[in-house]
file data-v7.txt (compact mmCIF, C-alpha atoms)
# COMPACT_ATOMS: atom_id res chain seq x y z
CA MET A 526 -48.10 15.84 -3.35
CA VAL A 527 -48.03 19.19 -5.03
CA ASP A 528 -45.91 19.72 -8.06
CA GLU A 529 -43.67 22.70 -8.07
CA ALA A 530 -43.57 24.85 -11.14
CA GLY A 531 -40.66 23.05 -12.78
CA ALA A 532 -41.53 19.51 -11.81
CA ARG A 533 -42.80 18.44 -15.22
CA THR A 534 -39.63 19.48 -17.00
CA PRO A 535 -37.06 18.52 -14.40
CA ARG A 536 -33.90 20.51 -14.14
CA ILE A 537 -30.69 18.87 -15.46
CA ILE A 538 -28.31 18.96 -12.51
CA HIS A 539 -25.60 16.72 -14.01
CA PRO A 540 -24.76 17.58 -17.65
CA LEU A 541 -24.44 14.62 -20.04
CA TYR A 542 -20.70 15.24 -20.48
CA ILE A 543 -20.14 15.00 -16.72
CA ARG A 544 -22.28 11.86 -16.42
CA VAL A 545 -20.42 10.06 -19.20
CA THR A 546 -16.95 10.99 -17.94
CA HIS A 547 -18.01 10.11 -14.39
CA TRP A 548 -19.02 6.54 -15.29
CA VAL A 549 -16.10 5.95 -17.65
CA ASN A 550 -13.87 7.12 -14.81
CA ALA A 551 -15.67 4.79 -12.39
CA VAL A 552 -14.85 1.79 -14.62
CA ALA A 553 -11.24 2.93 -15.10
CA ILE A 554 -10.65 3.48 -11.37
CA PHE A 555 -12.26 0.13 -10.56
CA VAL A 556 -9.90 -1.69 -12.95
CA MET A 557 -6.84 0.34 -11.90
CA VAL A 558 -7.37 -0.24 -8.16
CA LEU A 559 -8.15 -3.96 -8.36
CA SER A 560 -5.35 -4.76 -10.83
CA GLY A 561 -3.06 -2.51 -8.80
CA TRP A 562 -3.73 -4.61 -5.70
CA ARG A 563 -2.60 -7.72 -7.57
CA ILE A 564 0.55 -5.92 -8.75
CA TYR A 565 1.18 -4.80 -5.16
CA ASN A 566 0.93 -8.44 -4.00
CA ALA A 567 3.85 -9.43 -6.27
CA SER A 568 6.17 -7.39 -4.06
CA PRO A 569 4.30 -5.97 -1.03
CA LEU A 570 5.57 -2.66 0.32
CA PHE A 571 4.06 -3.27 3.74
CA HIS A 572 3.32 -6.29 5.93
CA PHE A 573 0.07 -7.25 4.27
CA GLU A 574 -1.34 -8.42 0.96
CA PHE A 575 -4.68 -7.75 -0.64
CA PRO A 576 -7.02 -10.78 -0.65
CA ALA A 577 -6.55 -12.44 -4.06
CA GLY A 578 -10.32 -12.69 -4.56
CA PHE A 579 -10.57 -8.92 -4.54
CA THR A 580 -7.93 -8.41 -7.22
CA LEU A 581 -8.06 -8.39 -10.98
CA GLY A 582 -5.82 -10.20 -13.45
CA GLY A 583 -5.28 -13.66 -11.99
CA TRP A 584 -1.52 -13.28 -11.81
CA LEU A 585 1.07 -10.52 -12.20
CA ALA A 586 1.15 -10.47 -16.03
CA GLY A 587 -2.65 -10.37 -16.24
CA ALA A 588 -2.85 -7.61 -13.63
CA LEU A 589 -0.19 -5.57 -15.44
CA ALA A 590 -2.04 -6.03 -18.74
CA TRP A 591 -5.25 -4.71 -17.16
CA HIS A 592 -3.40 -1.86 -15.43
CA PHE A 593 -1.56 -0.70 -18.55
CA ALA A 594 -4.71 -0.97 -20.67
CA ALA A 595 -7.01 0.88 -18.27
CA MET A 596 -4.42 3.61 -17.66
CA TRP A 597 -5.21 5.01 -21.11
CA LEU A 598 -8.91 5.06 -20.34
CA LEU A 599 -8.23 6.79 -17.01
CA ALA A 600 -5.82 9.35 -18.46
CA LEU A 601 -7.72 10.24 -21.64
CA ASN A 602 -11.08 10.40 -19.87
CA GLY A 603 -9.51 12.40 -17.04
CA ILE A 604 -7.98 14.91 -19.45
CA ALA A 605 -11.32 15.23 -21.29
CA TYR A 606 -13.10 15.82 -17.97
CA LEU A 607 -10.62 18.39 -16.65
CA ALA A 608 -10.52 20.25 -19.97
CA TYR A 609 -14.32 20.49 -19.97
CA CYS A 610 -14.39 21.61 -16.33
CA VAL A 611 -11.93 24.41 -16.94
CA VAL A 612 -13.28 25.61 -20.30
CA SER A 613 -16.98 25.43 -19.43
CA GLY A 614 -16.57 27.03 -16.03
CA HIS A 615 -18.02 23.89 -14.40
CA PHE A 616 -15.09 23.74 -12.03
CA ARG A 617 -15.44 27.35 -10.93
CA ARG A 618 -19.23 27.16 -10.61
CA ARG A 619 -19.49 23.85 -8.78
CA PHE A 620 -16.33 23.57 -6.71
CA LEU A 621 -15.35 27.10 -5.71
CA PRO A 622 -14.94 28.51 -3.19
CA ILE A 623 -13.44 25.75 -1.08
CA SER A 624 -13.45 26.30 2.65
CA LEU A 625 -12.08 23.82 5.15
CA ARG A 626 -14.01 25.42 8.00
CA ARG A 627 -17.31 25.30 6.15
CA ALA A 628 -16.60 21.73 5.12
CA LEU A 629 -16.17 20.81 8.80
CA ASP A 630 -19.39 22.64 9.67
CA ASP A 631 -21.23 20.71 6.97
CA ILE A 632 -19.79 17.40 8.13
CA ILE A 633 -21.03 18.14 11.66
CA LEU A 634 -24.47 19.10 10.35
CA ALA A 635 -24.57 15.96 8.20
CA SER A 636 -23.64 13.74 11.14
CA GLN A 637 -26.60 15.21 13.02
CA GLY A 638 -28.83 14.63 10.01
CA ARG A 639 -29.44 18.37 9.68
CA LEU A 640 -27.64 19.05 6.39
CA ASP A 641 -30.05 19.88 3.59
CA HIS A 642 -29.20 18.34 0.26
CA ALA A 643 -29.81 20.86 -2.50
CA PRO A 644 -29.83 19.04 -5.87
CA GLY A 645 -27.25 20.45 -8.26
CA ARG A 646 -25.38 22.32 -5.58
CA TYR A 647 -22.44 20.78 -3.76
CA ASN A 648 -22.08 21.51 -0.07
CA ALA A 649 -18.70 22.53 1.35
CA ALA A 650 -17.77 18.98 2.39
CA GLN A 651 -18.55 17.65 -1.10
CA ARG A 652 -16.46 20.37 -2.72
CA LEU A 653 -13.49 19.58 -0.55
CA LEU A 654 -13.77 15.83 -1.12
CA TYR A 655 -14.30 16.06 -4.88
CA VAL A 656 -11.39 18.42 -5.40
CA GLY A 657 -9.33 16.25 -3.03
CA VAL A 658 -10.01 13.04 -4.96
CA ILE A 659 -9.25 14.76 -8.28
CA LEU A 660 -5.87 15.74 -6.84
CA ALA A 661 -5.35 12.20 -5.52
CA VAL A 662 -6.00 10.76 -9.00
CA ILE A 663 -3.56 13.25 -10.52
CA VAL A 664 -0.91 12.24 -7.98
CA ALA A 665 -1.65 8.56 -8.67
CA VAL A 666 -1.19 9.10 -12.42
CA LEU A 667 2.05 11.08 -12.01
CA SER A 668 3.56 8.63 -9.50
CA GLY A 669 2.45 5.76 -11.75
CA LEU A 670 4.30 7.33 -14.69
CA ALA A 671 7.34 7.79 -12.43
CA ILE A 672 7.33 4.06 -11.59
CA TRP A 673 6.65 2.99 -15.17
CA LYS A 674 9.39 5.12 -16.75
CA PRO A 675 12.12 5.88 -14.17
CA VAL A 676 14.64 6.39 -16.99
CA GLN A 677 12.68 8.15 -19.72
CA LEU A 678 10.74 10.29 -17.19
CA GLN A 679 13.53 10.47 -14.61
CA ALA A 680 12.80 14.12 -13.73
CA LEU A 681 9.30 13.08 -12.66
CA THR A 682 10.70 10.11 -10.72
CA ALA A 683 13.16 12.43 -8.98
CA LEU A 684 10.26 14.76 -8.14
CA MET A 685 8.59 11.80 -6.41
CA GLY A 686 11.74 11.29 -4.33
CA GLY A 687 13.18 8.50 -6.50
CA TYR A 688 11.85 5.13 -7.69
CA GLU A 689 11.25 3.49 -4.30
CA SER A 690 9.64 6.63 -2.91
CA ALA A 691 7.41 6.91 -6.00
CA ARG A 692 6.05 3.41 -5.25
CA ARG A 693 4.95 4.63 -1.84
CA VAL A 694 3.44 7.83 -3.24
CA HIS A 695 1.51 5.65 -5.70
CA PHE A 696 0.27 3.42 -2.88
CA PHE A 697 -0.92 6.29 -0.70
CA ALA A 698 -2.62 8.03 -3.63
CA MET A 699 -4.52 4.76 -4.18
CA ALA A 700 -5.34 4.60 -0.46
CA ALA A 701 -6.74 8.16 -0.59
CA ILE A 702 -8.87 7.29 -3.61
CA VAL A 703 -10.22 4.15 -1.94
CA ALA A 704 -10.96 6.07 1.27
CA PHE A 705 -12.87 8.62 -0.79
CA LEU A 706 -14.79 5.85 -2.57
CA ILE A 707 -15.94 4.31 0.71
CA VAL A 708 -17.48 7.65 1.74
CA HIS A 709 -18.67 8.51 -1.77
CA ILE A 710 -20.37 5.19 -2.57
CA GLY A 711 -21.70 4.91 0.97
CA LEU A 712 -23.40 8.29 0.74
CA ALA A 713 -24.57 7.79 -2.85
CA VAL A 714 -26.45 4.70 -1.70
CA ALA A 715 -27.57 6.02 1.69
CA VAL A 716 -28.81 9.50 0.73
CA LYS A 717 -32.11 9.31 -1.09
CA GLY A 718 -32.44 10.71 -4.59
CA VAL A 719 -28.79 11.34 -5.42
CA LEU A 720 -27.89 8.18 -7.34
CA ALA A 721 -30.52 8.26 -10.11
CA PRO A 722 -29.62 11.79 -11.28
CA MET A 723 -26.07 10.59 -11.92
CA PHE A 724 -27.62 8.40 -14.67
CA THR A 725 -30.51 10.55 -15.86
CA GLY A 726 -29.08 13.97 -15.11
CA ARG A 727 -32.46 15.12 -13.78
CA ALA A 728 -33.11 16.29 -10.26
CA GLU A 729 -35.80 14.07 -8.78
CA ALA A 730 -39.15 15.60 -7.97
CA PRO A 731 -39.31 16.80 -4.38
CA ARG A 732 -40.82 14.29 -1.99
CA MET B 1455 15.04 -2.86 -48.54
CA LYS B 1456 15.46 -2.93 -44.80
CA PRO B 1457 12.65 -1.68 -42.59
CA SER B 1458 13.55 1.28 -40.45
CA ARG B 1459 14.75 0.65 -36.94
CA ARG B 1460 11.78 2.52 -35.63
CA ALA B 1461 9.35 0.47 -37.69
CA SER B 1462 6.15 -0.27 -35.89
CA LEU B 1463 5.41 -3.65 -34.41
CA SER B 1464 2.39 -4.08 -36.64
CA ALA B 1465 4.41 -6.00 -39.21
CA PHE B 1466 4.82 -9.02 -36.98
CA ARG B 1467 1.41 -8.89 -35.40
CA PRO B 1468 0.07 -11.89 -37.35
CA GLN B 1469 2.82 -14.18 -36.10
CA ILE B 1470 2.22 -13.37 -32.48
CA THR B 1471 -1.53 -13.19 -32.58
CA GLN B 1472 -1.92 -16.97 -32.42
CA LEU B 1473 0.55 -17.13 -29.60
CA GLU B 1474 -1.19 -14.33 -27.77
CA ARG B 1475 -4.54 -16.03 -27.98
CA ARG B 1476 -3.65 -18.96 -25.85
CA LEU B 1477 -1.38 -17.36 -23.31
CA PHE B 1478 -3.69 -15.73 -20.84
CA LEU B 1479 -6.15 -18.56 -21.20
CA LYS B 1480 -3.49 -21.05 -20.26
CA GLN B 1481 -2.46 -18.91 -17.35
CA GLY B 1482 -6.05 -18.74 -16.26
CA LEU B 1483 -7.14 -15.15 -16.34
CA SER B 1484 -9.21 -14.84 -13.22
CA LEU B 1485 -11.86 -12.21 -13.31
CA GLY B 1486 -12.62 -13.06 -9.71
CA ALA B 1487 -13.13 -9.61 -8.35
CA LEU B 1488 -15.07 -8.36 -11.32
CA SER B 1489 -17.52 -11.25 -11.29
CA LEU B 1490 -17.74 -11.16 -7.53
CA LEU B 1491 -18.74 -7.53 -7.41
CA SER B 1492 -20.88 -7.33 -10.51
CA GLY B 1493 -22.58 -10.66 -9.97
CA CYS B 1494 -21.93 -11.77 -13.53
CA THR B 1495 -19.18 -13.90 -14.95
CA LEU B 1496 -17.38 -12.84 -18.06
CA LYS B 1497 -17.58 -16.07 -20.02
CA ASP B 1498 -15.86 -14.72 -23.07
CA ASP B 1499 -12.34 -14.63 -21.66
CA ASP B 1500 -11.06 -14.85 -25.19
CA ALA B 1501 -12.38 -11.43 -26.21
CA VAL B 1502 -11.01 -9.88 -23.03
CA ASP B 1503 -7.64 -11.51 -23.63
CA ARG B 1504 -7.52 -10.26 -27.18
CA LEU B 1505 -8.28 -6.73 -26.04
CA LEU B 1506 -5.58 -6.88 -23.35
CA PHE B 1507 -3.00 -8.20 -25.81
CA ALA B 1508 -3.92 -5.60 -28.40
CA MET B 1509 -3.35 -2.97 -25.70
CA SER B 1510 -0.01 -4.57 -24.78
CA ARG B 1511 1.12 -4.37 -28.43
CA PHE B 1512 -0.09 -0.76 -28.50
CA ASN B 1513 1.97 -0.12 -25.38
CA ASP B 1514 5.02 -1.64 -27.11
CA LYS B 1515 4.66 1.01 -29.82
CA MET B 1516 4.09 3.83 -27.35
CA GLN B 1517 7.18 2.83 -25.37
CA ALA B 1518 9.30 2.60 -28.53
CA ALA B 1519 8.16 6.13 -29.39
CA LEU B 1520 8.90 7.34 -25.86
CA PHE B 1521 12.36 5.74 -25.84
CA ASP B 1522 15.09 8.35 -26.16
CA PRO B 1523 18.26 6.60 -27.41
CA SER B 1524 20.48 9.20 -25.74
CA ARG B 1525 18.75 9.48 -22.35
CA LEU B 1526 20.93 7.81 -19.75
CA ALA B 1527 19.66 5.86 -16.77
CA PRO B 1528 20.65 7.50 -13.46
CA THR B 1529 23.90 6.13 -12.06
CA TYR B 1530 24.80 5.66 -8.41
CA ALA B 1531 27.81 5.60 -6.12
CA GLU B 1532 29.58 2.43 -5.02
CA ALA B 1533 28.13 2.94 -1.52
CA ASP B 1534 24.57 2.73 -2.89
CA VAL B 1535 24.99 -0.82 -4.21
CA THR B 1536 22.41 -3.20 -2.74
CA ALA B 1537 24.02 -6.00 -0.75
CA PRO B 1538 23.18 -8.78 -0.88
CA PHE B 1539 21.74 -8.36 -4.35
CA PRO B 1540 18.45 -10.30 -4.68
CA PHE B 1541 18.51 -13.48 -6.77
CA ASN B 1542 15.59 -13.79 -9.17
CA ALA B 1543 14.86 -16.36 -11.87
CA TYR B 1544 12.06 -18.68 -12.94
CA TYR B 1545 13.83 -21.44 -10.97
CA GLU B 1546 15.45 -21.66 -7.57
CA GLU B 1547 18.93 -20.49 -6.77
CA LYS B 1548 20.24 -24.06 -6.36
CA ASP B 1549 19.33 -24.81 -9.99
CA VAL B 1550 21.52 -22.16 -11.66
CA PRO B 1551 23.55 -23.60 -14.56
CA ARG B 1552 27.24 -24.19 -13.87
CA ILE B 1553 29.27 -23.23 -16.92
CA ASP B 1554 32.91 -23.96 -17.58
CA GLY B 1555 34.54 -20.66 -18.54
CA GLU B 1556 37.48 -22.35 -20.30
CA SER B 1557 35.40 -24.16 -22.89
CA TYR B 1558 32.68 -21.48 -23.09
CA ARG B 1559 32.05 -20.04 -26.54
CA LEU B 1560 29.44 -17.37 -27.25
CA GLN B 1561 27.55 -18.41 -30.40
CA LEU B 1562 26.31 -15.90 -32.96
CA SER B 1563 23.58 -16.36 -35.55
CA GLY B 1564 21.14 -14.50 -37.78
CA LEU B 1565 21.87 -11.21 -39.52
CA ILE B 1566 25.51 -11.00 -38.44
CA ALA B 1567 28.47 -10.75 -40.85
CA ASP B 1568 31.08 -12.47 -38.68
CA LYS B 1569 29.50 -15.41 -36.84
CA ARG B 1570 32.77 -16.71 -35.39
CA PRO B 1571 32.16 -17.84 -31.76
CA TRP B 1572 33.77 -15.83 -28.97
CA SER B 1573 35.74 -17.12 -26.00
CA LEU B 1574 35.70 -15.29 -22.65
CA GLU B 1575 39.32 -14.29 -23.19
CA GLU B 1576 38.44 -12.61 -26.49
CA LEU B 1577 35.48 -10.82 -24.91
CA ARG B 1578 37.71 -9.59 -22.09
CA ALA B 1579 40.20 -8.23 -24.63
CA LEU B 1580 37.53 -5.76 -25.84
CA PRO B 1581 37.24 -2.35 -24.10
CA GLN B 1582 35.43 -2.77 -20.76
CA SER B 1583 33.22 -0.29 -18.96
CA THR B 1584 31.54 -0.27 -15.57
CA GLN B 1585 28.12 0.92 -14.50
CA ILE B 1586 26.24 1.22 -11.22
CA THR B 1587 22.55 1.42 -12.03
CA ARG B 1588 19.16 0.48 -10.63
CA LEU B 1589 17.61 -2.78 -11.75
CA VAL B 1590 13.81 -2.57 -11.59
CA CYS B 1591 11.95 -5.86 -11.43
CA VAL B 1592 8.56 -6.31 -13.09
CA GLU B 1593 7.34 -7.32 -9.60
CA GLY B 1594 8.00 -3.79 -8.39
CA TRP B 1595 11.11 -4.12 -6.22
CA SER B 1596 14.40 -2.60 -7.28
CA ALA B 1597 18.07 -3.00 -6.40
CA ILE B 1598 21.22 -1.10 -7.29
CA GLY B 1599 24.00 -3.20 -8.77
CA LYS B 1600 27.42 -2.91 -10.33
CA TRP B 1601 28.18 -4.51 -13.69
CA ARG B 1602 31.29 -4.46 -15.86
CA GLY B 1603 31.72 -5.62 -19.42
CA VAL B 1604 31.64 -4.78 -23.11
CA SER B 1605 29.46 -2.05 -24.60
CA PHE B 1606 26.82 -4.01 -26.50
CA ARG B 1607 26.82 -1.43 -29.26
CA HIS B 1608 30.57 -1.85 -29.68
CA PHE B 1609 30.19 -5.62 -29.78
CA LEU B 1610 27.35 -5.54 -32.34
CA GLU B 1611 29.38 -3.21 -34.57
CA ARG B 1612 32.45 -5.38 -34.16
CA ILE B 1613 30.71 -8.57 -35.30
CA GLY B 1614 29.06 -6.80 -38.21
CA ALA B 1615 25.48 -7.16 -36.94
CA ASP B 1616 22.80 -5.72 -39.19
CA LEU B 1617 21.93 -2.67 -37.09
CA THR B 1618 18.87 -1.94 -39.21
CA ALA B 1619 17.33 -5.28 -38.19
CA ARG B 1620 14.45 -5.05 -35.71
CA TYR B 1621 15.49 -7.39 -32.94
CA VAL B 1622 18.41 -8.77 -31.03
CA GLY B 1623 17.67 -12.09 -29.34
CA PHE B 1624 19.33 -14.12 -26.59
CA LYS B 1625 19.39 -17.83 -25.83
CA CYS B 1626 20.60 -18.84 -22.41
CA ALA B 1627 22.09 -21.89 -20.73
CA ASP B 1628 19.19 -21.96 -18.25
CA LYS B 1629 16.67 -22.34 -21.13
CA TYR B 1630 15.70 -18.71 -20.65
CA TYR B 1631 15.36 -16.59 -23.77
CA SER B 1632 14.45 -13.01 -24.57
CA SER B 1633 14.68 -10.37 -27.27
CA ILE B 1634 14.99 -6.60 -27.38
CA ASP B 1635 14.49 -3.86 -29.96
CA THR B 1636 17.64 -2.74 -31.79
CA PRO B 1637 17.48 0.92 -30.63
CA SER B 1638 17.58 -0.27 -26.99
CA ALA B 1639 20.40 -2.71 -27.84
CA LEU B 1640 22.42 0.23 -29.17
CA HIS B 1641 21.80 2.44 -26.10
CA PRO B 1642 25.15 3.61 -24.64
CA GLN B 1643 24.48 1.89 -21.29
CA THR B 1644 23.52 -1.50 -22.69
CA LEU B 1645 26.29 -3.84 -21.59
CA LEU B 1646 27.39 -7.42 -22.24
CA ALA B 1647 28.41 -7.93 -18.64
CA LEU B 1648 31.30 -10.21 -17.71
CA ASP B 1649 31.83 -9.09 -14.11
CA PHE B 1650 29.10 -8.82 -11.50
CA ALA B 1651 28.49 -9.56 -7.85
CA ASP B 1652 28.23 -13.36 -8.12
CA ALA B 1653 28.33 -16.21 -10.67
CA LYS B 1654 24.69 -17.03 -9.83
CA PHE B 1655 23.69 -13.76 -11.54
CA GLY B 1656 24.61 -15.12 -14.96
CA TYR B 1657 28.19 -16.42 -15.28
CA PRO B 1658 29.88 -16.14 -17.64
CA LEU B 1659 27.88 -13.63 -19.69
CA ARG B 1660 24.70 -11.66 -19.17
CA LEU B 1661 22.99 -8.64 -20.59
CA ARG B 1662 22.71 -5.52 -18.48
CA ILE B 1663 20.21 -3.08 -19.95
CA PRO B 1664 19.18 -0.39 -17.47
CA THR B 1665 16.56 1.03 -19.87
CA LYS B 1666 14.43 -2.10 -19.46
CA LEU B 1667 12.89 -4.13 -16.64
CA GLY B 1668 14.95 -6.86 -14.97
CA PHE B 1669 13.48 -9.79 -16.91
CA LYS B 1670 14.79 -8.19 -20.14
CA ASN B 1671 18.34 -8.73 -18.77
CA PRO B 1672 19.01 -12.37 -19.72
CA LYS B 1673 21.68 -14.28 -17.79
CA PHE B 1674 23.94 -17.24 -18.73
CA ILE B 1675 23.82 -16.16 -22.40
CA HIS B 1676 25.21 -18.72 -24.83
CA GLU B 1677 23.85 -17.39 -28.11
CA ILE B 1678 23.05 -13.97 -29.54
CA PHE B 1679 21.10 -13.59 -32.76
CA VAL B 1680 19.92 -10.68 -34.89
CA THR B 1681 16.62 -10.94 -36.73
CA ASN B 1682 13.65 -9.16 -38.26
CA ASP B 1683 11.25 -11.81 -36.96
CA TYR B 1684 9.65 -11.22 -33.58
CA ALA B 1685 11.42 -13.52 -31.15
CA GLY B 1686 9.41 -13.06 -27.93
CA GLY B 1687 10.86 -14.28 -24.68
CA TYR B 1688 10.31 -16.66 -21.78
CA TRP B 1689 8.14 -14.30 -19.72
CA GLU B 1690 6.98 -12.27 -22.72
CA ASP B 1691 5.39 -15.41 -24.19
CA LYS B 1692 3.56 -15.94 -20.91
CA GLY B 1693 2.01 -12.49 -21.04
CA TYR B 1694 4.46 -9.85 -19.82
CA ASN B 1695 4.68 -6.77 -22.02
CA TRP B 1696 7.41 -7.32 -24.62
CA PHE B 1697 9.03 -3.85 -24.75
CA SER B 1698 9.03 -3.34 -20.96
CA GLY B 1699 11.11 -0.19 -21.10
CA SER B 1700 12.04 1.82 -18.02
call {"tool": "encode", "arguments": {"input": "data-v7.txt", "output": "C-alpha cells"}}
result
Amino acid sequence: MVDEAGARTPRIIHPLYIRVTHWVNAVAIFVMVLSGWRIYNASPLFHFEFPAGFTLGGWLAGALAWHFAAMWLLALNGIAYLAYCVVSGHFRRRFLPISLRRALDDIILASQGRLDHAPGRYNAAQRLLYVGVILAVIVAVLSGLAIWKPVQLQALTALMGGYESARRVHFFAMAAIVAFLIVHIGLAVAVKGVLAPMFTGRAEAPR
Amino acid sequence: MKPSRRASLSAFRPQITQLERRLFLKQGLSLGALSLLSGCTLKDDDAVDRLLFAMSRFNDKMQAALFDPSRLAPTYAEADVTAPFPFNAYYEEKDVPRIDGESYRLQLSGLIADKRPWSLEELRALPQSTQITRLVCVEGWSAIGKWRGVSFRHFLERIGADLTARYVGFKCADKYYSSIDTPSALHPQTLLALDFADAKFGYPLRLRIPTKLGFKNPKFIHEIFVTNDYAGGYWEDKGYNWFSGS
C-alpha cells in the first residue's frame, strides 16, 4: 500500500471543538429521548407506549429529573456549537449550499453503492440531513420550553398552537430526531472509516 | 431581619439534602435503558441521585427567577371548559374525604398575626372572583376548568400573614400536603377556591394556582401555614420538582 504525500501527518477533518460538542450532544440527546419516552408514557398522546425497558428514570419523577437536568446540557452545548459554526464559518463551509435535488441524486448513488465518500466533505444528502436534524433539535427545544412554561413563555406556547398542540410538536420533533439517528448511527457503523475520525479527528489513511 | 422574598433556596438546602438522598433510592431509580445499551450497570445510584436532586434545586432557582409576578395565565371562555373534568389524586375517586361544611373551620398557623379559624360562611363573605384557566398536570395532560373563590393575596393580607416569609404551606383532609413560594402565593390569579365543578375536586376549600402544575393545587385544605422553613409536599418529597411553575 502506497502512502500518499500527507499520510504520515493525517489531515484533521473534524476539529476538536466539533468532536467535543458532538459527543456531549450525543449524551444529552440520548438522555432527553429516553427520559422523554418515560414522560410520554405517563399520559400517552397516541395509542401506544414506549417499552419501559427502553426508558430512563424508573418512574415519572425520575424521568422528569433526568429530562430537566439534561436539558441544560443540550441547550448550553447546542448554543456553544451553533455559535462556533456561525462565527468560524464552519456552517457555511460544510453545509452550504443545500440542494434537495442533489441530495436525492446522492441518495440514489448511495443506494447503488456508487457514492464516493470524501473524508471531510459532506455530500448533499449529509448536508440536508445534518441541517434538518439541527432544525429538529431547535424545534424540540422550543416546543419543550412551550410545554414547560405555558404561562411565563405563553407567546412561545401560542406560537406552537397552544399547550396541547405544543405537546404534539414536541413529540414529532423527537420522532424526527430518532429517525435521523437510525440513519446516522446505521451509516456511521456500516460505512468504513467514518466512525474513528469522529473521535480522533484524523482522516484515516486510504485503503 | 427577614430574608427577601426572592431569596435563593440555598438556605434550606441542608435540611432537604438528607431527605433528597433517600427518595429516588426508595422509588427505585431504574437505569434500565442506560445499562441495557451501554452494557454496564451504574452501581452508584446515590451519586446519580444527588446530581439529579442538585439539578432539581437549581431548576427551582431558575424558575423562581423566571417567574413574573404580574404575568397572567391565559384565560378561556365558558365554552372551553373541559367536561367532565378529570379526577386526579394519589388515591381513587371513591376514597375522597367527605367534609361537613357546617362544622368546617380553616386552621391557620405559623407566621400569621390573626390565627383565628375561618368558617365557610366567613370565607364566602370575602370578595369572590372567578377564573377559567388551564390546569396542566405533571403527567402532561391538561384540562380547562372554572374556579371561584377568594383572592389568596387578599386572604393572606387580611389574616396578617408575614408576606416576607419564604413559604406558604397547606395541610389537607386527605393527608395531602404541599407548599409554594410566597411570590407565587401573591400572584393575582392565585385563588382559595370555594366553588368548582364537583365536591370531589376538593370540597370545601382548595387552592387554584394557574402558575403552577396541578399537583401544586392542594384540595380539601384544612390548614394553611406561613413559614421560612422548607415544607416540601406529598409528591415533592417523592421526587417531583418543588417549584413546578408553569
call {"tool": "closest_residue", "arguments": {"input": "data-v7.txt", "among": "A:Ile633, A:Ile543, A:Ile564, A:Ala595", "to": "Tyr609 in chain A", "atoms": "only C-alpha atoms"}}
result
A:Ile543
call {"tool": "residues_around", "arguments": {"input": "data-v7.txt", "residues": "Leu1659 in chain B", "least_positions_apart": "5", "cutoff": "6 Å", "atoms": "all atoms listed in the file", "output": "PyMOL selection string"}}
result
chain B and resi 1647-1648+1674-1675
call {"tool": "write_last_selection", "arguments": {"input": "data-v7.txt", "atoms": "C-alpha atoms", "output": "PDB file, in the coordinates of the input"}}
result
ATOM      1  CA  ALA B1647      28.410  -7.930 -18.640  1.00  0.00           C
ATOM      2  CA  LEU B1648      31.300 -10.210 -17.710  1.00  0.00           C
ATOM      3  CA  PHE B1674      23.940 -17.240 -18.730  1.00  0.00           C
ATOM      4  CA  ILE B1675      23.820 -16.160 -22.400  1.00  0.00           C
TER       5      ILE B1675
END
call {"tool": "interface_residues", "arguments": {"input": "data-v7.txt", "of": "chain A", "to": "chain B", "cutoff": "6 Å", "atoms": "only C-alpha atoms", "output": "list in words"}}
result
Ala567, Ser568, Gly578, Phe579, Thr580, Leu581, Gly582, Gly583, Ala586, Ala590, Ala594, Lys674, Pro675 and Val676 of chain A
call {"tool": "write_last_selection", "arguments": {"input": "data-v7.txt", "atoms": "C-alpha atoms", "output": "PDB file, in the coordinates of the input"}}
result
ATOM      1  CA  ALA A 567       3.850  -9.430  -6.270  1.00  0.00           C
ATOM      2  CA  SER A 568       6.170  -7.390  -4.060  1.00  0.00           C
ATOM      3  CA  GLY A 578     -10.320 -12.690  -4.560  1.00  0.00           C
ATOM      4  CA  PHE A 579     -10.570  -8.920  -4.540  1.00  0.00           C
ATOM      5  CA  THR A 580      -7.930  -8.410  -7.220  1.00  0.00           C
ATOM      6  CA  LEU A 581      -8.060  -8.390 -10.980  1.00  0.00           C
ATOM      7  CA  GLY A 582      -5.820 -10.200 -13.450  1.00  0.00           C
ATOM      8  CA  GLY A 583      -5.280 -13.660 -11.990  1.00  0.00           C
ATOM      9  CA  ALA A 586       1.150 -10.470 -16.030  1.00  0.00           C
ATOM     10  CA  ALA A 590      -2.040  -6.030 -18.740  1.00  0.00           C
ATOM     11  CA  ALA A 594      -4.710  -0.970 -20.670  1.00  0.00           C
ATOM     12  CA  LYS A 674       9.390   5.120 -16.750  1.00  0.00           C
ATOM     13  CA  PRO A 675      12.120   5.880 -14.170  1.00  0.00           C
ATOM     14  CA  VAL A 676      14.640   6.390 -16.990  1.00  0.00           C
TER      15      VAL A 676
END
call {"tool": "atom_distance", "arguments": {"input": "data-v7.txt", "atom1": "CA of Glu1576 in chain B", "atom2": "CA of Arg1607 in chain B"}}
result
16.4 Å
call {"tool": "closest_residue", "arguments": {"input": "data-v7.txt", "among": "A:Met557, A:Val708, A:Arg693, A:Val656", "to": "Trp597 in chain A", "atoms": "all atoms listed in the file"}}
result
A:Met557
call {"tool": "atom_distance", "arguments": {"input": "data-v7.txt", "atom1": "CA of Arg563 in chain A", "atom2": "CA of Ala588 in chain A"}}
result
6.1 Å
call {"tool": "residues_around", "arguments": {"input": "data-v7.txt", "residues": "Val662 in chain A", "least_positions_apart": "2", "cutoff": "9 Å", "atoms": "all atoms listed in the file", "output": "ChimeraX atom specification"}}
result
/A:554,603,657-660,664-667,698-699,701-702
call {"tool": "residues_near_point", "arguments": {"input": "data-v7.txt", "point": "(-15.9, 23.1, -5.0)", "cutoff": "10 Å", "atoms": "all atoms listed in the file", "output": "number ranges by chain"}}
result
A: 615-624, 646-657
call {"tool": "atom_distance", "arguments": {"input": "data-v7.txt", "atom1": "CA of Tyr1545 in chain B", "atom2": "CA of Asp1514 in chain B"}}
result
27.0 Å
call {"tool": "residues_around", "arguments": {"input": "data-v7.txt", "residues": "range 1611-1622 of chain B", "least_positions_apart": "5", "cutoff": "6 Å", "atoms": "only C-alpha atoms", "output": "ChimeraX atom specification"}}
result
/B:1459,1565-1568,1633-1636,1679-1682
call {"tool": "residues_near_point", "arguments": {"input": "data-v7.txt", "point": "(38.7, -4.9, -24.1)", "cutoff": "12 Å", "atoms": "only C-alpha atoms", "output": "PyMOL selection string"}}
result
chain B and resi 1574-1583+1602-1605+1608-1609+1612+1646+1648
